[in-house]
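Heads up, the thing below is written out as structure tokens.
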Amino acid sequence: MGLTIGVDIGGTKIAAGVVDEEGNILSTFKVPTPTTPEAIVDAIASAVEGARAGHEIVGVGIGAAGYVNRQRSTVYFAPNIDWRNEPLEEKVEARVGLPVVVENDANAAAWGEYKFGAGKGHRNVICITLGTGLGGGIIIGNKLRRGHFGVAAEFGHIRMVPDGLLCGCGSQGCWEQYASGRALVRYAKQRANATPERAEVLLSLGDGSPDGIEGKHISMAARQGDPVAVDSYRELARWAGAGLADLASLFDPSAFIVGGGLSDEGELVLDPIRKSYKRWLVGGNWRPVADVIAAQLGNKAGLVGAADLAREPAPVM
């Protein structure tokens, strides 16, 4: 089909990139993310126009953090942007004069990894993104599965703990409250506050207080063997692995691809996730066990996946 543009809407910037059919990014253009919904539409159009200069483009795929309808046109609800039944496809098409499809951003990242990254060679994979929150995507039989209404794979909001921690979605006990970047920082702060003598390295990397701990400090301290930092990763991995075991009971994939910022820590986080997954997997000692592997495309996955999904025909539900 030729070249397409993928758009990744981030909290601080909107990135658009021209992507070929092999997943190579040929050019990019970035603009700051505005604060109002209409200004964001204008910014998307500006990024697309900047990226497409000098290229013949056949379509645009937009990765949006939110619930997207099955027609890949409307954002039902976005948690961080005031979009409610937002006709994003229609508005962007009117500005750029190109066919546009809208995808959930985690679905787009999952497709990018499946098609061009860690998922190559697999037909059935489940992707999870461990970042500030927890997202995911389902690829079964080489097809991205969005569900009947288009809003499947919101894994972060599976309730793991009845009446558990309050989630930003309004529910309680959601998986992302126990397996995400936010959860990791919470674990470290709680442990450092309770036993500061076990967190000397971790505390020294911030302002000396538990409140000053940031995600980057936990990673650095864990690599130096700080007990609190290491224990915090293990706690996150315990919850992440338990969730994967539940997903295995539902989907039975050949591989789980772990992406998002936490996957950048490699075996520091992946090894304990694998152990927890095997621990909680029903019949885990007697059945084939899916691989748990790191994503390969990093923060490019969403842009590349959105661009490639713009080439896809009407989606399989």
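Each chain in the structure tokens gets a letter, A, B, ..., in the order shown, and its residues are numbered from 1; ligands are numbered from 1 in order too.
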request  = Return as a list in words the full set of residues in range 110-234 of chain A whose backbone-based DSSP assignment is strand (DSSP E or B).
outcome  =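 Written out, the strand (DSSP E or B) residues of range 110-234 of chain A are Val125, Ile126, Cys127, Ile128, Thr129, Leu130, Leu134, Gly135, Gly136, Gly137, Ile138, Ile139, Ile140, Lys143, Leu144, Arg159, Leu166, Gln172 and Cys174 of chain A.
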With N, CA and C atoms retained, could you export that selection as a short mmCIF file (atom, residue, chain, number, x, y, z; two decimals), in the first residue's frame?
```
data_model
loop_
_atom_site.label_atom_id
_atom_site.label_comp_id
_atom_site.auth_asym_id
_atom_site.auth_seq_id
_atom_site.Cartn_x
_atom_site.Cartn_y
_atom_site.Cartn_z
N VAL A 125 0.11 -13.94 20.50
CA VAL A 125 0.89 -13.27 21.55
C VAL A 125 -0.02 -12.31 22.33
N ILE A 126 0.33 -12.14 23.58
CA ILE A 126 -0.30 -11.13 24.42
C ILE A 126 0.79 -10.14 24.81
N CYS A 127 0.52 -8.87 24.60
CA CYS A 127 1.47 -7.82 24.96
C CYS A 127 0.95 -7.07 26.17
N ILE A 128 1.84 -6.78 27.10
CA ILE A 128 1.48 -5.87 28.18
C ILE A 128 2.53 -4.76 28.22
N THR A 129 2.07 -3.58 28.54
CA THR A 129 2.98 -2.44 28.67
C THR A 129 3.00 -2.02 30.13
N LEU A 130 4.18 -2.16 30.73
CA LEU A 130 4.38 -1.76 32.12
C LEU A 130 5.02 -0.38 32.12
N LEU A 134 -0.76 0.34 33.17
CA LEU A 134 -0.58 -0.98 32.57
C LEU A 134 -1.59 -1.12 31.43
N GLY A 135 -1.09 -1.37 30.23
CA GLY A 135 -1.95 -1.56 29.07
C GLY A 135 -1.63 -2.88 28.40
N GLY A 136 -2.24 -3.11 27.23
CA GLY A 136 -1.95 -4.36 26.56
C GLY A 136 -2.62 -4.49 25.22
N GLY A 137 -2.38 -5.62 24.58
CA GLY A 137 -2.96 -5.92 23.29
C GLY A 137 -3.00 -7.42 23.08
N ILE A 138 -3.96 -7.86 22.27
CA ILE A 138 -4.19 -9.28 22.02
C ILE A 138 -4.02 -9.55 20.53
N ILE A 139 -3.10 -10.44 20.16
CA ILE A 139 -2.98 -10.89 18.77
C ILE A 139 -3.19 -12.40 18.78
N ILE A 140 -4.27 -12.83 18.17
CA ILE A 140 -4.60 -14.25 18.07
C ILE A 140 -4.79 -14.59 16.60
N LYS A 143 -4.12 -11.81 14.06
CA LYS A 143 -5.06 -10.70 13.99
C LYS A 143 -5.11 -9.97 15.33
N LEU A 144 -5.18 -8.65 15.27
CA LEU A 144 -5.37 -7.85 16.47
C LEU A 144 -6.84 -7.95 16.87
N ARG A 159 -9.77 -6.39 37.79
CA ARG A 159 -9.71 -6.27 39.25
C ARG A 159 -8.97 -7.46 39.84
N LEU A 166 -7.80 2.23 45.34
CA LEU A 166 -8.59 3.02 44.40
C LEU A 166 -7.78 3.32 43.15
N GLN A 172 -11.74 -0.20 42.09
CA GLN A 172 -10.78 -0.52 43.15
C GLN A 172 -10.09 -1.84 42.84
N CYS A 174 -7.57 -2.54 40.78
CA CYS A 174 -7.15 -2.81 39.39
C CYS A 174 -5.69 -3.27 39.34
#
```
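Surrounding range 272-288 of chain A within 9 Å are Tyr233, Arg234, Leu236, Ala237, Arg238, Trp239, Ala240, Gly241, Ala242, Gly243, Leu244, Ala245, Asp246, Ala248, Ser249, Ser254, Glu267, Leu268 and Val292 of chain A, with only C-alpha atoms counted and residues fewer than 4 positions along the same chain left out.
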Given the selection you just returned, output its residues as a file containing all heavy atoms, formatted as a CSV table (one decimal), in the first residue's frame.
```csv
chain,number,residue,atom,x,y,z
A,233,TYR,N,11.1,-4.3,43.3
A,233,TYR,CA,11.0,-4.9,42.0
A,233,TYR,C,10.3,-6.3,42.1
A,233,TYR,O,9.5,-6.7,41.3
A,233,TYR,CB,12.3,-5.0,41.3
A,233,TYR,CG,12.6,-3.8,40.4
A,233,TYR,CD1,13.6,-2.9,40.8
A,233,TYR,CD2,12.0,-3.6,39.2
A,233,TYR,CE1,13.9,-1.8,40.0
A,233,TYR,CE2,12.3,-2.5,38.4
A,233,TYR,CZ,13.2,-1.6,38.9
A,233,TYR,OH,13.5,-0.5,38.1
A,234,ARG,N,10.7,-7.0,43.1
A,234,ARG,CA,10.1,-8.4,43.3
A,234,ARG,C,8.7,-8.3,43.6
A,234,ARG,O,7.9,-9.2,43.1
A,234,ARG,CB,10.9,-9.1,44.5
A,234,ARG,CG,12.3,-9.5,44.1
A,234,ARG,CD,13.0,-10.1,45.3
A,234,ARG,NE,14.3,-10.6,45.0
A,234,ARG,CZ,15.3,-10.9,45.9
A,234,ARG,NH1,15.0,-10.7,47.2
A,234,ARG,NH2,16.5,-11.3,45.5
A,236,LEU,N,6.6,-5.9,42.6
A,236,LEU,CA,5.9,-5.6,41.3
A,236,LEU,C,5.9,-6.9,40.4
A,236,LEU,O,4.8,-7.1,39.8
A,236,LEU,CB,6.7,-4.5,40.6
A,236,LEU,CG,6.2,-4.1,39.2
A,236,LEU,CD1,6.2,-2.6,39.0
A,236,LEU,CD2,7.0,-4.8,38.1
A,237,ALA,N,7.0,-7.6,40.4
A,237,ALA,CA,7.0,-8.8,39.5
A,237,ALA,C,6.0,-9.9,40.0
A,237,ALA,O,5.5,-10.6,39.2
A,237,ALA,CB,8.4,-9.4,39.5
A,238,ARG,N,5.8,-10.0,41.3
A,238,ARG,CA,4.9,-10.9,41.8
A,238,ARG,C,3.5,-10.7,41.3
A,238,ARG,O,2.8,-11.6,40.8
A,238,ARG,CB,4.9,-10.9,43.4
A,238,ARG,CG,4.0,-11.9,44.0
A,238,ARG,CD,4.2,-11.9,45.5
A,238,ARG,NE,3.5,-10.7,46.2
A,238,ARG,CZ,2.3,-10.7,46.6
A,238,ARG,NH1,1.5,-11.7,46.4
A,238,ARG,NH2,1.8,-9.6,47.2
A,239,TRP,N,3.1,-9.4,41.3
A,239,TRP,CA,1.8,-9.1,40.8
A,239,TRP,C,1.7,-9.2,39.2
A,239,TRP,O,0.7,-9.7,38.7
A,239,TRP,CB,1.4,-7.7,41.2
A,239,TRP,CG,1.0,-7.6,42.6
A,239,TRP,CD1,1.8,-7.2,43.7
A,239,TRP,CD2,-0.2,-8.0,43.2
A,239,TRP,NE1,1.1,-7.2,44.9
A,239,TRP,CE2,-0.1,-7.8,44.6
A,239,TRP,CE3,-1.4,-8.5,42.7
A,239,TRP,CZ2,-1.2,-8.0,45.5
A,239,TRP,CZ3,-2.4,-8.8,43.6
A,239,TRP,CH2,-2.3,-8.6,45.0
A,240,ALA,N,2.8,-8.8,38.6
A,240,ALA,CA,2.8,-8.9,37.1
A,240,ALA,C,2.7,-10.3,36.7
A,240,ALA,O,1.9,-10.7,35.8
A,240,ALA,CB,4.0,-8.2,36.5
A,241,GLY,N,3.5,-11.2,37.3
A,241,GLY,CA,3.5,-12.6,36.9
A,241,GLY,C,2.1,-13.3,37.2
A,241,GLY,O,1.7,-14.1,36.4
A,242,ALA,N,1.5,-12.9,38.3
A,242,ALA,CA,0.2,-13.5,38.7
A,242,ALA,C,-0.8,-13.1,37.6
A,242,ALA,O,-1.7,-13.9,37.2
A,242,ALA,CB,-0.2,-13.0,40.0
A,243,GLY,N,-0.8,-11.9,37.2
A,243,GLY,CA,-1.7,-11.4,36.1
A,243,GLY,C,-1.5,-12.2,34.8
A,243,GLY,O,-2.4,-12.5,34.1
A,244,LEU,N,-0.2,-12.4,34.4
A,244,LEU,CA,0.1,-13.1,33.2
A,244,LEU,C,-0.5,-14.6,33.3
A,244,LEU,O,-0.9,-15.1,32.3
A,244,LEU,CB,1.6,-13.2,32.9
A,244,LEU,CG,2.3,-11.9,32.6
A,244,LEU,CD1,3.7,-12.1,32.2
A,244,LEU,CD2,1.5,-11.1,31.5
A,245,ALA,N,-0.4,-15.2,34.5
A,245,ALA,CA,-0.9,-16.5,34.6
A,245,ALA,C,-2.4,-16.5,34.4
A,245,ALA,O,-2.9,-17.5,33.7
A,245,ALA,CB,-0.6,-17.0,36.0
A,246,ASP,N,-3.1,-15.5,34.8
A,246,ASP,CA,-4.6,-15.4,34.6
A,246,ASP,C,-4.8,-15.2,33.1
A,246,ASP,O,-5.7,-15.8,32.5
A,246,ASP,CB,-5.2,-14.2,35.3
A,246,ASP,CG,-5.3,-14.5,36.8
A,246,ASP,OD1,-5.1,-15.7,37.2
A,246,ASP,OD2,-5.5,-13.5,37.6
A,248,ALA,N,-2.9,-16.3,30.7
A,248,ALA,CA,-2.6,-17.5,30.0
A,248,ALA,C,-3.8,-18.5,30.1
A,248,ALA,O,-4.1,-19.2,29.1
A,248,ALA,CB,-1.4,-18.2,30.7
A,249,SER,N,-4.6,-18.4,31.2
A,249,SER,CA,-5.8,-19.3,31.3
A,249,SER,C,-6.8,-18.8,30.3
A,249,SER,O,-7.6,-19.6,29.8
A,249,SER,CB,-6.3,-19.2,32.7
A,249,SER,OG,-5.5,-19.8,33.6
A,254,SER,N,1.6,-18.2,22.8
A,254,SER,CA,2.9,-18.8,22.8
A,254,SER,C,3.9,-17.8,23.4
A,254,SER,O,5.0,-18.3,23.8
A,254,SER,CB,3.3,-19.0,21.3
A,254,SER,OG,3.4,-17.8,20.6
A,267,GLU,N,16.4,-8.0,32.5
A,267,GLU,CA,16.3,-9.2,33.4
A,267,GLU,C,16.0,-8.8,34.8
A,267,GLU,O,15.5,-9.6,35.6
A,267,GLU,CB,17.5,-10.1,33.3
A,267,GLU,CG,17.6,-10.8,32.0
A,267,GLU,CD,16.4,-11.6,31.6
A,267,GLU,OE1,16.0,-12.4,32.4
A,267,GLU,OE2,15.8,-11.4,30.5
A,268,LEU,N,16.3,-7.6,35.2
A,268,LEU,CA,16.0,-7.1,36.6
A,268,LEU,C,14.6,-7.2,36.9
A,268,LEU,O,14.2,-7.6,38.0
A,268,LEU,CB,16.5,-5.6,36.7
A,268,LEU,CG,16.2,-4.9,38.1
A,268,LEU,CD1,17.0,-5.6,39.2
A,268,LEU,CD2,16.5,-3.5,38.0
A,292,VAL,N,8.2,-15.4,28.2
A,292,VAL,CA,8.0,-14.0,28.6
A,292,VAL,C,9.2,-13.3,28.1
A,292,VAL,O,10.3,-13.5,28.6
A,292,VAL,CB,7.9,-14.0,30.2
A,292,VAL,CG1,7.7,-12.5,30.6
A,292,VAL,CG2,6.7,-14.8,30.6
```
task = Mind listing the helix (DSSP H, G or I) residues of range 149-226 of chain A, per DSSP on the backbone, as a PyMOL selection string?
result = chain A and resi 155-157+175-177+181-194+196-198+200-205+210-212+215-223
inquiry  = So that I can see what lies close to Gly181 in chain A, please list as a ChimeraX atom specification the residues with an atom at most 12 Å from it, counting only C-alpha atoms and leaving out residues fewer than 2 positions away in the same chain.
reply    = /A:129-135,175-179,183-188,214-216,218-219,232-233,235-237,240,260-265,269
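Proximity of A:Arg72, A:Arg95, A:Lys30, A:Arg123 to Trp111 in chain A, computed with only C-alpha atoms, is greatest for A:Arg123.
Using only C-alpha atoms, the contacts of Val201 in chain A at a cut-off of 8 Å, with sequence neighbours closer than 6 positions omitted, comprise Ala221, Gln224 and Asp226 of chain A.
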Distance of CA of His148 in chain A from CA of Glu93 in chain A, expressed in Å to one decimal place = 24.8 Å
message = List the spatial neighbours of Ile57 in chain A as a list in words - criterion: any atom at most 9 Å away, only C-alpha atoms, same-chain residues fewer than 6 positions off excluded.
response =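 The residues that qualify are Gly2, Leu3, Thr4, Ile5, Val18 and Leu98 of chain A.
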task = Take CA of Gly66 in chain A and CA of Glu312 in chain A and report the distance between them in Å, one decimal.
result =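 Rounded to one decimal, the two atoms are 20.2 Å apart.
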Nearby residues (only C-alpha atoms) at most 12 Å from Ile81 in chain A, same-chain spacing under 2 positions excluded, as an MDAnalysis selection string = chainID A and resid 9:11 33:41 64:67 75:79 83:86
ask   = What is the distance, in Å and to one decimal place, between CA of Ile158 in chain A and CA of Ile257 in chain A?
value = 18.2 Å
request  = Pick out the closest residue to Gly168 in chain A from this set: A:Arg182, A:Lys189, A:Lys120, A:Arg145. Count only C-alpha atoms.
outcome  = A:Arg182
ask   = Using only C-alpha atoms, which residue out of A:Gly212, A:Ser180, A:Ala229, A:Gly61 lies closest to Glu200 in chain A?
value =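 Closest to Glu200 in chain A, using only C-alpha atoms: A:Ala229.
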Surrounding residues of Pro210 in chain A excluding itself and chain neighbours under 6 positions, 7 Å, only C-alpha atoms, as a PDB file with C-alpha atoms, in the first residue's frame:
```pdb
ATOM      1  CA  LYS A 189       8.530   4.617  49.433  1.00  0.00           C
ATOM      2  CA  ALA A 192      12.094   2.937  52.751  1.00  0.00           C
ATOM      3  CA  ASN A 193       9.850   4.619  55.287  1.00  0.00           C
ATOM      4  CA  LEU A 203      17.678   7.238  49.742  1.00  0.00           C
TER       5      LEU A 203
END
```
request  = May I ask which of the residues A:Ala110, A:Val258, A:Val19, A:Ile44 is the closest one to Met1 in chain A, counting only C-alpha atoms?
outcome  =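 Closest to Met1 in chain A, using only C-alpha atoms: A:Val19.
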